[in-house]
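protein_10.cif follows; it contains mmCIF, C-alpha atoms.
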```cif
data_model
#
loop_
_atom_site.label_atom_id
_atom_site.label_comp_id
_atom_site.auth_asym_id
_atom_site.auth_seq_id
_atom_site.Cartn_x
_atom_site.Cartn_y
_atom_site.Cartn_z
CA MET H 1 142.52 83.09 145.13
CA LYS H 2 143.07 86.71 144.09
CA ASN H 3 141.74 89.17 146.63
CA ILE H 4 140.81 92.65 145.37
CA THR H 5 141.56 95.33 147.98
CA HIS H 6 142.24 98.37 145.77
CA ALA H 7 139.77 100.57 143.86
CA VAL H 8 140.02 103.54 141.51
CA ILE H 9 137.37 106.27 141.42
CA PRO H 10 137.89 108.87 138.64
CA VAL H 11 136.67 112.28 139.87
CA ALA H 12 138.44 114.70 137.50
CA GLY H 13 135.46 115.61 135.31
CA PHE H 14 133.96 119.09 135.44
CA GLY H 15 130.38 117.82 135.48
CA THR H 16 129.06 120.07 132.72
CA ARG H 17 125.76 118.15 132.65
CA MET H 18 125.17 119.34 136.21
CA LEU H 19 125.71 123.07 135.70
CA PRO H 20 125.04 125.43 137.39
CA LEU H 21 125.10 123.19 140.49
CA SER H 22 128.63 121.99 139.69
CA LYS H 23 130.11 125.43 138.93
CA SER H 24 131.80 125.71 142.33
CA VAL H 25 130.90 122.42 144.03
CA PRO H 26 132.30 119.15 142.61
CA LYS H 27 129.43 117.12 141.19
CA GLU H 28 130.56 114.17 143.31
CA LEU H 29 129.75 116.20 146.44
CA LEU H 30 126.22 117.09 145.39
CA PRO H 31 123.82 115.53 147.91
CA LEU H 32 121.64 112.48 147.51
CA GLY H 33 119.43 112.79 150.55
CA ASN H 34 121.65 113.63 153.52
CA ARG H 35 125.01 112.56 152.07
CA PRO H 36 127.04 113.49 148.98
CA ALA H 37 126.82 111.10 146.05
CA ILE H 38 130.41 109.88 146.34
CA HIS H 39 129.79 108.86 149.96
CA TYR H 40 127.55 106.02 148.76
CA VAL H 41 130.08 104.95 146.11
CA VAL H 42 132.87 104.72 148.69
CA GLU H 43 130.56 102.90 151.13
CA GLU H 44 129.79 100.39 148.37
CA ALA H 45 133.50 99.80 147.76
CA ILE H 46 134.23 99.33 151.46
CA ALA H 47 131.29 96.92 151.89
CA ALA H 48 132.74 94.84 149.04
CA GLY H 49 136.07 94.53 150.85
CA ILE H 50 138.09 97.42 149.39
CA LYS H 51 140.79 98.76 151.72
CA HIS H 52 142.60 101.35 149.55
CA ILE H 53 140.65 103.82 147.41
CA VAL H 54 142.43 105.98 144.86
CA LEU H 55 140.64 109.14 143.75
CA VAL H 56 141.89 110.42 140.39
CA GLY H 57 141.18 114.14 140.24
CA HIS H 58 142.63 117.55 139.49
CA ALA H 59 143.48 120.76 141.33
CA GLN H 60 139.90 121.97 141.61
CA LYS H 61 138.66 118.74 143.23
CA SER H 62 140.55 118.96 146.53
CA ALA H 63 137.21 119.34 148.36
CA ILE H 64 136.53 115.66 147.64
CA GLU H 65 139.75 114.60 149.32
CA ASN H 66 138.93 116.91 152.24
CA TYR H 67 135.56 115.21 152.66
CA PHE H 68 137.29 111.93 153.48
CA ASP H 69 139.86 113.56 155.77
CA ILE H 70 139.41 114.51 159.44
CA ASN H 71 138.66 118.18 160.07
CA ALA H 72 140.48 118.46 163.39
CA GLU H 73 139.12 121.92 164.24
CA LEU H 74 135.50 120.96 163.52
CA ASP H 75 135.93 117.67 165.39
CA SER H 76 137.32 119.50 168.44
CA GLN H 77 134.52 122.08 168.48
CA LEU H 78 131.79 119.46 168.21
CA ARG H 79 133.26 117.38 171.04
CA HIS H 80 133.74 120.50 173.16
CA LYS H 81 130.00 121.14 172.78
CA GLY H 82 129.17 117.58 173.78
CA LYS H 83 128.23 116.51 170.24
CA ASP H 84 130.38 113.39 170.23
CA GLU H 85 127.86 111.32 168.26
CA LEU H 86 127.79 113.90 165.45
CA ALA H 87 131.60 114.11 165.45
CA ASP H 88 131.87 110.33 165.24
CA SER H 89 129.45 110.26 162.30
CA LEU H 90 131.72 112.62 160.33
CA ASN H 91 134.74 110.37 160.82
CA TRP H 92 133.01 107.30 159.42
CA LEU H 93 135.82 105.69 157.42
CA PRO H 94 137.02 102.43 159.01
CA GLU H 95 140.55 102.61 160.43
CA ASP H 96 141.80 99.97 157.98
CA VAL H 97 140.61 101.92 154.90
CA THR H 98 142.88 104.45 153.16
CA VAL H 99 141.77 107.12 150.68
CA SER H 100 144.47 108.59 148.42
CA MET H 101 144.25 111.19 145.66
CA ILE H 102 146.35 111.54 142.55
CA ARG H 103 145.93 114.07 139.75
CA GLN H 104 145.16 113.06 136.20
CA GLY H 105 147.18 115.95 134.81
CA LYS H 106 145.55 116.14 131.39
CA PRO H 107 141.88 115.61 130.40
CA LEU H 108 142.55 112.63 128.15
CA GLY H 109 139.55 110.47 128.96
CA LEU H 110 138.49 107.66 131.26
CA GLY H 111 141.21 105.28 130.13
CA HIS H 112 143.87 107.87 130.92
CA ALA H 113 142.29 108.55 134.33
CA VAL H 114 142.46 104.86 135.25
CA LEU H 115 146.07 104.68 134.03
CA ALA H 116 146.93 107.70 136.20
CA ALA H 117 146.26 105.57 139.29
CA ARG H 118 148.98 103.06 138.37
CA PRO H 119 151.71 104.58 140.60
CA ILE H 120 149.52 103.92 143.65
CA ILE H 121 147.81 100.68 142.56
CA GLY H 122 151.16 99.14 141.61
CA ALA H 123 150.96 95.43 140.80
CA HIS H 124 147.56 94.91 142.43
CA ASP H 125 144.42 93.86 140.58
CA PHE H 126 141.72 96.44 141.25
CA ALA H 127 138.16 97.67 140.89
CA VAL H 128 136.97 100.83 139.13
CA LEU H 129 133.84 102.65 140.27
CA LEU H 130 132.47 105.56 138.24
CA PRO H 131 131.12 108.11 140.72
CA ASP H 132 128.31 109.29 138.44
CA VAL H 133 126.68 105.89 138.91
CA VAL H 134 125.17 105.32 142.35
CA LEU H 135 123.73 101.87 143.04
CA ASP H 136 120.63 101.64 145.22
CA PRO H 137 121.90 100.80 148.74
CA PHE H 138 118.41 100.32 150.15
CA THR H 139 117.39 97.24 148.16
CA THR H 140 120.65 95.28 147.82
CA ASP H 141 123.31 93.84 150.10
CA MET H 142 126.50 95.70 149.22
CA SER H 143 128.60 93.06 150.98
CA ALA H 144 127.34 90.32 148.63
CA ASP H 145 125.75 91.84 145.52
CA ASN H 146 127.12 93.56 142.40
CA LEU H 147 130.69 94.76 143.10
CA ALA H 148 131.15 92.23 145.91
CA PHE H 149 129.88 89.46 143.60
CA MET H 150 132.24 90.63 140.82
CA ILE H 151 135.23 90.54 143.16
CA ASP H 152 134.34 86.98 144.21
CA ALA H 153 133.86 85.93 140.58
CA PHE H 154 137.26 87.39 139.66
CA ALA H 155 138.87 85.50 142.54
CA LYS H 156 137.52 82.22 141.15
CA ASP H 157 138.63 82.45 137.50
CA SER H 158 140.79 85.63 137.16
CA HIS H 159 138.50 86.99 134.43
CA SER H 160 138.01 90.74 134.59
CA GLN H 161 134.38 91.63 135.30
CA ILE H 162 132.15 94.42 133.95
CA LEU H 163 128.73 95.18 135.45
CA VAL H 164 125.83 95.42 133.00
CA ASP H 165 122.10 96.00 133.26
CA LYS H 166 119.14 95.85 130.92
CA VAL H 167 118.09 99.26 129.57
CA ALA H 168 114.91 100.37 127.81
CA ASP H 169 114.80 100.36 124.01
CA GLU H 170 114.84 104.16 123.87
CA ASP H 171 118.02 104.31 125.99
CA VAL H 172 120.16 101.76 124.15
CA HIS H 173 121.87 104.45 122.06
CA LYS H 174 123.22 106.17 125.21
CA TYR H 175 125.44 103.32 126.43
CA GLY H 176 128.15 100.83 125.65
CA ILE H 177 126.24 97.61 124.90
CA ALA H 178 127.54 94.11 125.54
CA GLN H 179 128.00 91.75 122.60
CA LEU H 180 127.55 88.27 124.01
CA ASN H 181 129.13 85.02 122.94
CA GLU H 182 126.97 82.87 120.69
CA ALA H 183 126.10 80.45 123.50
CA PHE H 184 124.52 83.27 125.49
CA SER H 185 123.12 85.24 122.54
CA ALA H 186 120.73 82.36 121.86
CA ALA H 187 119.20 82.58 125.32
CA SER H 188 115.87 84.39 125.04
CA ASP H 189 115.89 85.70 128.63
CA ILE H 190 119.47 86.94 128.82
CA ASP H 191 118.33 90.58 128.59
CA ASP H 192 115.78 90.17 131.37
CA LYS H 193 116.20 91.84 134.76
CA THR H 194 117.48 89.24 137.23
CA GLU H 195 116.97 88.76 140.97
CA ALA H 196 120.56 87.54 141.40
CA ASN H 197 123.93 88.40 139.91
CA ALA H 198 125.21 86.17 137.12
CA SER H 199 128.61 86.21 135.39
CA PHE H 200 129.36 85.02 131.87
CA LYS H 201 131.78 85.68 129.04
CA VAL H 202 131.42 88.67 126.72
CA ALA H 203 132.62 88.91 123.12
CA GLY H 204 132.97 92.69 123.10
CA PHE H 205 131.12 95.98 123.37
CA VAL H 206 129.43 98.26 120.86
CA GLU H 207 129.57 101.94 121.83
CA LYS H 208 126.21 103.72 121.69
CA PRO H 209 124.57 101.67 118.90
CA SER H 210 121.13 102.26 117.45
CA LEU H 211 118.46 99.88 118.71
CA ALA H 212 118.50 98.05 115.38
CA GLU H 213 122.27 97.52 115.53
CA ALA H 214 122.51 96.74 119.25
CA PRO H 215 123.75 93.18 119.92
CA SER H 216 121.80 93.10 123.24
CA LYS H 217 120.14 95.46 125.71
CA LEU H 218 122.79 94.94 128.40
CA ALA H 219 124.47 98.28 129.05
CA VAL H 220 127.69 98.94 130.96
CA VAL H 221 126.75 100.33 134.38
CA GLY H 222 130.04 101.78 135.69
CA ARG H 223 131.57 99.06 137.86
CA TYR H 224 134.62 97.09 136.77
CA VAL H 225 137.03 94.59 138.29
CA PHE H 226 140.28 94.45 136.34
CA SER H 227 143.33 92.30 136.18
CA ASN H 228 146.43 94.47 136.56
CA GLN H 229 147.19 93.67 132.92
CA ILE H 230 144.71 96.37 131.89
CA PHE H 231 147.39 98.95 132.73
CA ASP H 232 149.69 97.60 130.00
CA TYR H 233 146.91 97.85 127.44
CA LEU H 234 146.00 101.37 128.55
CA ALA H 235 149.66 102.43 128.31
CA ASN H 236 149.74 101.21 124.70
CA THR H 237 146.29 102.50 123.69
CA LYS H 238 146.40 105.45 121.32
CA ALA H 239 144.02 108.36 121.70
CA SER H 240 140.92 107.99 119.52
CA VAL H 241 137.52 109.72 119.76
CA GLY H 242 137.94 113.31 120.97
CA GLY H 243 141.66 112.82 121.44
CA GLU H 244 140.97 110.67 124.51
CA ILE H 245 142.32 107.30 125.60
CA GLN H 246 139.27 105.06 125.65
CA LEU H 247 138.90 102.44 128.37
CA THR H 248 136.79 100.36 125.98
CA ASP H 249 139.75 100.04 123.57
CA ALA H 250 141.87 98.52 126.33
CA ILE H 251 138.99 96.26 127.36
CA ASP H 252 138.70 94.97 123.78
CA ALA H 253 142.40 94.09 123.84
CA LEU H 254 141.97 92.37 127.21
CA ILE H 255 139.02 90.35 125.84
CA SER H 256 140.99 89.08 122.86
CA GLU H 257 143.99 88.08 124.99
CA TYR H 258 142.54 86.79 128.26
CA GLY H 259 138.74 86.91 128.08
CA VAL H 260 136.42 89.16 130.08
CA ASN H 261 133.10 88.45 131.81
CA VAL H 262 130.04 90.62 132.31
CA THR H 263 128.05 90.48 135.52
CA THR H 264 124.33 91.22 135.42
CA MET H 265 123.33 93.83 138.00
CA ARG H 266 120.99 93.24 140.91
CA GLY H 267 118.80 96.18 141.97
CA ASP H 268 118.72 99.67 140.47
CA SER H 269 121.22 102.40 139.66
CA TYR H 270 121.01 106.17 139.28
CA ASP H 271 122.99 108.51 137.04
CA ALA H 272 124.00 111.22 139.50
CA GLY H 273 125.77 113.09 136.70
CA ASP H 274 122.59 113.78 134.74
CA MET H 275 120.29 116.52 136.04
CA ARG H 276 116.97 114.72 135.57
CA SER H 277 118.18 111.39 136.93
CA TYR H 278 119.97 113.17 139.78
CA MET H 279 116.80 114.94 140.91
CA GLN H 280 114.87 111.67 140.82
CA ALA H 281 117.63 110.00 142.83
CA PHE H 282 117.70 112.83 145.39
CA ILE H 283 113.97 112.46 146.02
CA TYR H 284 114.23 108.68 146.30
CA PHE H 285 117.21 108.74 148.69
CA ALA H 286 115.60 111.47 150.81
CA GLN H 287 112.33 109.52 151.05
CA GLN H 288 114.17 106.37 152.14
CA GLN H 289 116.13 108.22 154.81
CA LEU H 290 113.10 110.11 156.11
CA ALA H 291 111.24 106.81 156.41
CA GLU H 292 114.14 105.34 158.39
CA ASP H 293 114.01 108.29 160.81
CA GLU H 294 110.28 107.91 161.55
#
```

Will you turn the file into structure tokens for me?
Amino acid sequence: MKNITHAVIPVAGFGTRMLPLSKSVPKELLPLGNRPAIHYVVEEAIAAGIKHIVLVGHAQKSAIENYFDINAELDSQLRHKGKDELADSLNWLPEDVTVSMIRQGKPLGLGHAVLAARPIIGAHDFAVLLPDVVLDPFTTDMSADNLAFMIDAFAKDSHSQILVDKVADEDVHKYGIAQLNEAFSAASDIDDKTEANASFKVAGFVEKPSLAEAPSKLAVVGRYVFSNQIFDYLANTKASVGGEIQLTDAIDALISEYGVNVTTMRGDSYDAGDMRSYMQAFIYFAQQQLAEDE
């Protein structure tokens, strides 16, 4: 069985949708309740069994790396004042988990960002978590659902996995939409929200189609589990839309050669890189945490 222990989190984007909040603070460090958004993403990865997390950023994102490091001076001051519990809470990463950072170098798209992690990932298969997407940690079991389920599914059949979720008709045009194999396309309930994760083969993806042209309502959520072979496809993928190397182009090549599965998502997700969705998420996370403190 193939065990996934490495994950890539691309954090190089400027977060223009979150201005002015993201002008001087990386959007990944904007709070959801009492923790920054990326904290939940890393917690999700760790709960799923990830031991080495690679952040792909640039020079202006060093604050993210610092967040996962130990601030020795702050730690010393807190302990000197008898605030050991608070100091311990800041150093929350498990001892067997490593966080590394590598720079993307050039803004050439998501595919290029994933490829930039290759020197650290090496020959390992790996997961990719987009930090704009935060899955609801209050209603799912991160050690069994979604990413954890995808890693287990990959271990069983070596098919790369992509998380998808049903979106409303008016939102179909915003996402990459899964095109299912004929056997699944005929199922009338395949677009329905499910209470459990399910994995099945996908024929391809259509990027931001109109509702009339959409092959389903299952949109890519922002969680992937890839065979290491994706690196070879990314290395040979030519820049396309906007001069960027598209991850979807490499996925299409992977589908045609080895086959790829989609996994239906359990629970809800929030787009922490969109101002309206972010504010809704902040309120929800804050309410959950305040309720826990009562």

- Work out how far atom CA of Tyr224 of chain H is from atom CA of Ala127 of chain H, in Å to one decimal.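 Between these atoms lies a distance of 5.5 Å.
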
- Message: Can you measure atom CA of Lys238 of chain H to atom CA of Pro10 of chain H for me? One decimal in Å is fine.
- Response: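 Taking atom CA of Lys238 of chain H as the start and atom CA of Pro10 of chain H as the end point, the length is 19.6 Å.
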
Applied to the shown file, which residues does the PyMOL selection byres ((chain H and resi 65) around 10) return, written as a PDB file with C-alpha atoms, in the frame of the given file?
```pdb
ATOM      1  CA  LEU H  55     140.640 109.140 143.750  1.00  0.00           C
ATOM      2  CA  GLY H  57     141.180 114.140 140.240  1.00  0.00           C
ATOM      3  CA  LYS H  61     138.660 118.740 143.230  1.00  0.00           C
ATOM      4  CA  SER H  62     140.550 118.960 146.530  1.00  0.00           C
ATOM      5  CA  ALA H  63     137.210 119.340 148.360  1.00  0.00           C
ATOM      6  CA  ILE H  64     136.530 115.660 147.640  1.00  0.00           C
ATOM      7  CA  ASN H  66     138.930 116.910 152.240  1.00  0.00           C
ATOM      8  CA  TYR H  67     135.560 115.210 152.660  1.00  0.00           C
ATOM      9  CA  PHE H  68     137.290 111.930 153.480  1.00  0.00           C
ATOM     10  CA  ASP H  69     139.860 113.560 155.770  1.00  0.00           C
ATOM     11  CA  VAL H  99     141.770 107.120 150.680  1.00  0.00           C
ATOM     12  CA  SER H 100     144.470 108.590 148.420  1.00  0.00           C
ATOM     13  CA  MET H 101     144.250 111.190 145.660  1.00  0.00           C
ATOM     14  CA  ILE H 102     146.350 111.540 142.550  1.00  0.00           C
TER      15      ILE H 102
END
```

- Tell me which protein, DNA and RNA residues are within 10 Å of segment 156-166 of chain H, counting all atoms listed in the file, leaving out same-chain ones fewer than 5 positions away, and put them as a PyMOL selection string. chain H and resi 1-3+125-128+146-147+149-151+171-172+176-178+190-194+197-202+216-230+251+254-255+258-269

- Result set, the PyMOL selection byres ((chain H and resi 11) around 10) on current file, as a list in words: Val8, Ile9, Pro10, Ala12, Gly13, Phe14, Gly15, Pro26, Lys27, Glu28, Ile38, Val54, Leu55, Val56, Gly57, His58, Lys61, Ile64, Met101, Arg103, Gln104, Leu110, Ala113, Leu130, Pro131 and Asp132 of chain H

- What is the atom CA of Ala253 of chain H to atom CA of Tyr233 of chain H distance in Å? 6.9 Å

Report, as JSON, the axis-aligned box around all atoms of segment 111-118 of chain H present in the file, extended by 5 Å on each side; give centre and edge lengths in Å to one decimal place.
```
{"center_x": 145.1, "center_y": 105.8, "center_z": 134.7, "size_x": 17.8, "size_y": 15.5, "size_z": 19.2}
```

- If we count all atoms listed in the file, what is near Val97 of chain H at a cut-off of 8 Å, once residues fewer than 2 positions away on the same chain are taken out, given as a list in words? Ile46, Ile50, Lys51, His52, Ile53, Leu93, Pro94, Glu95 and Val99 of chain H

- Task: Just say which residues the PyMOL selection byres ((chain H and resi 237) around 9) picks in this file, as a list in words.
- Result: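 Applying the PyMOL selection byres ((chain H and resi 237) around 9) to the structure shown produces Gly111, Asp232, Tyr233, Leu234, Ala235, Asn236, Lys238, Ala239, Ser240, Ile245, Gln246, Leu247, Asp249 and Ala250 of chain H.
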
- Message: Applying 8 Å and all atoms listed in the file, which residues near Ser143 of chain H remain after dropping the ones on its own chain fewer than 2 positions away? List them as a PyMOL selection string.
- Response: chain H and resi 44+47-49+141+145+148

Write out, as JSON lines, each residue of segment 81-189 of chain H that has an atom at most 10 Å from segment 274-283 of chain H, together with the closest pair of atoms and their distance in Å to one decimal, counting only C-alpha atoms, rows going by chain and rising number.
```
{"residue": "H:Asp132", "atom": "CA", "partner": "H:Asp274", "partner_atom": "CA", "distance": 8.2}
{"residue": "H:Val133", "atom": "CA", "partner": "H:Asp274", "partner_atom": "CA", "distance": 9.8}
{"residue": "H:Val134", "atom": "CA", "partner": "H:Ala281", "partner_atom": "CA", "distance": 8.9}
{"residue": "H:Asp136", "atom": "CA", "partner": "H:Ala281", "partner_atom": "CA", "distance": 9.2}
```

- For the point (135.8, 95.8, 126.5) in file coordinates, what residues are within 6 Å, counting only C-alpha atoms? Give the answer as a list in words? Gly204, Phe205, Thr248, Ile251 and Asp252 of chain H
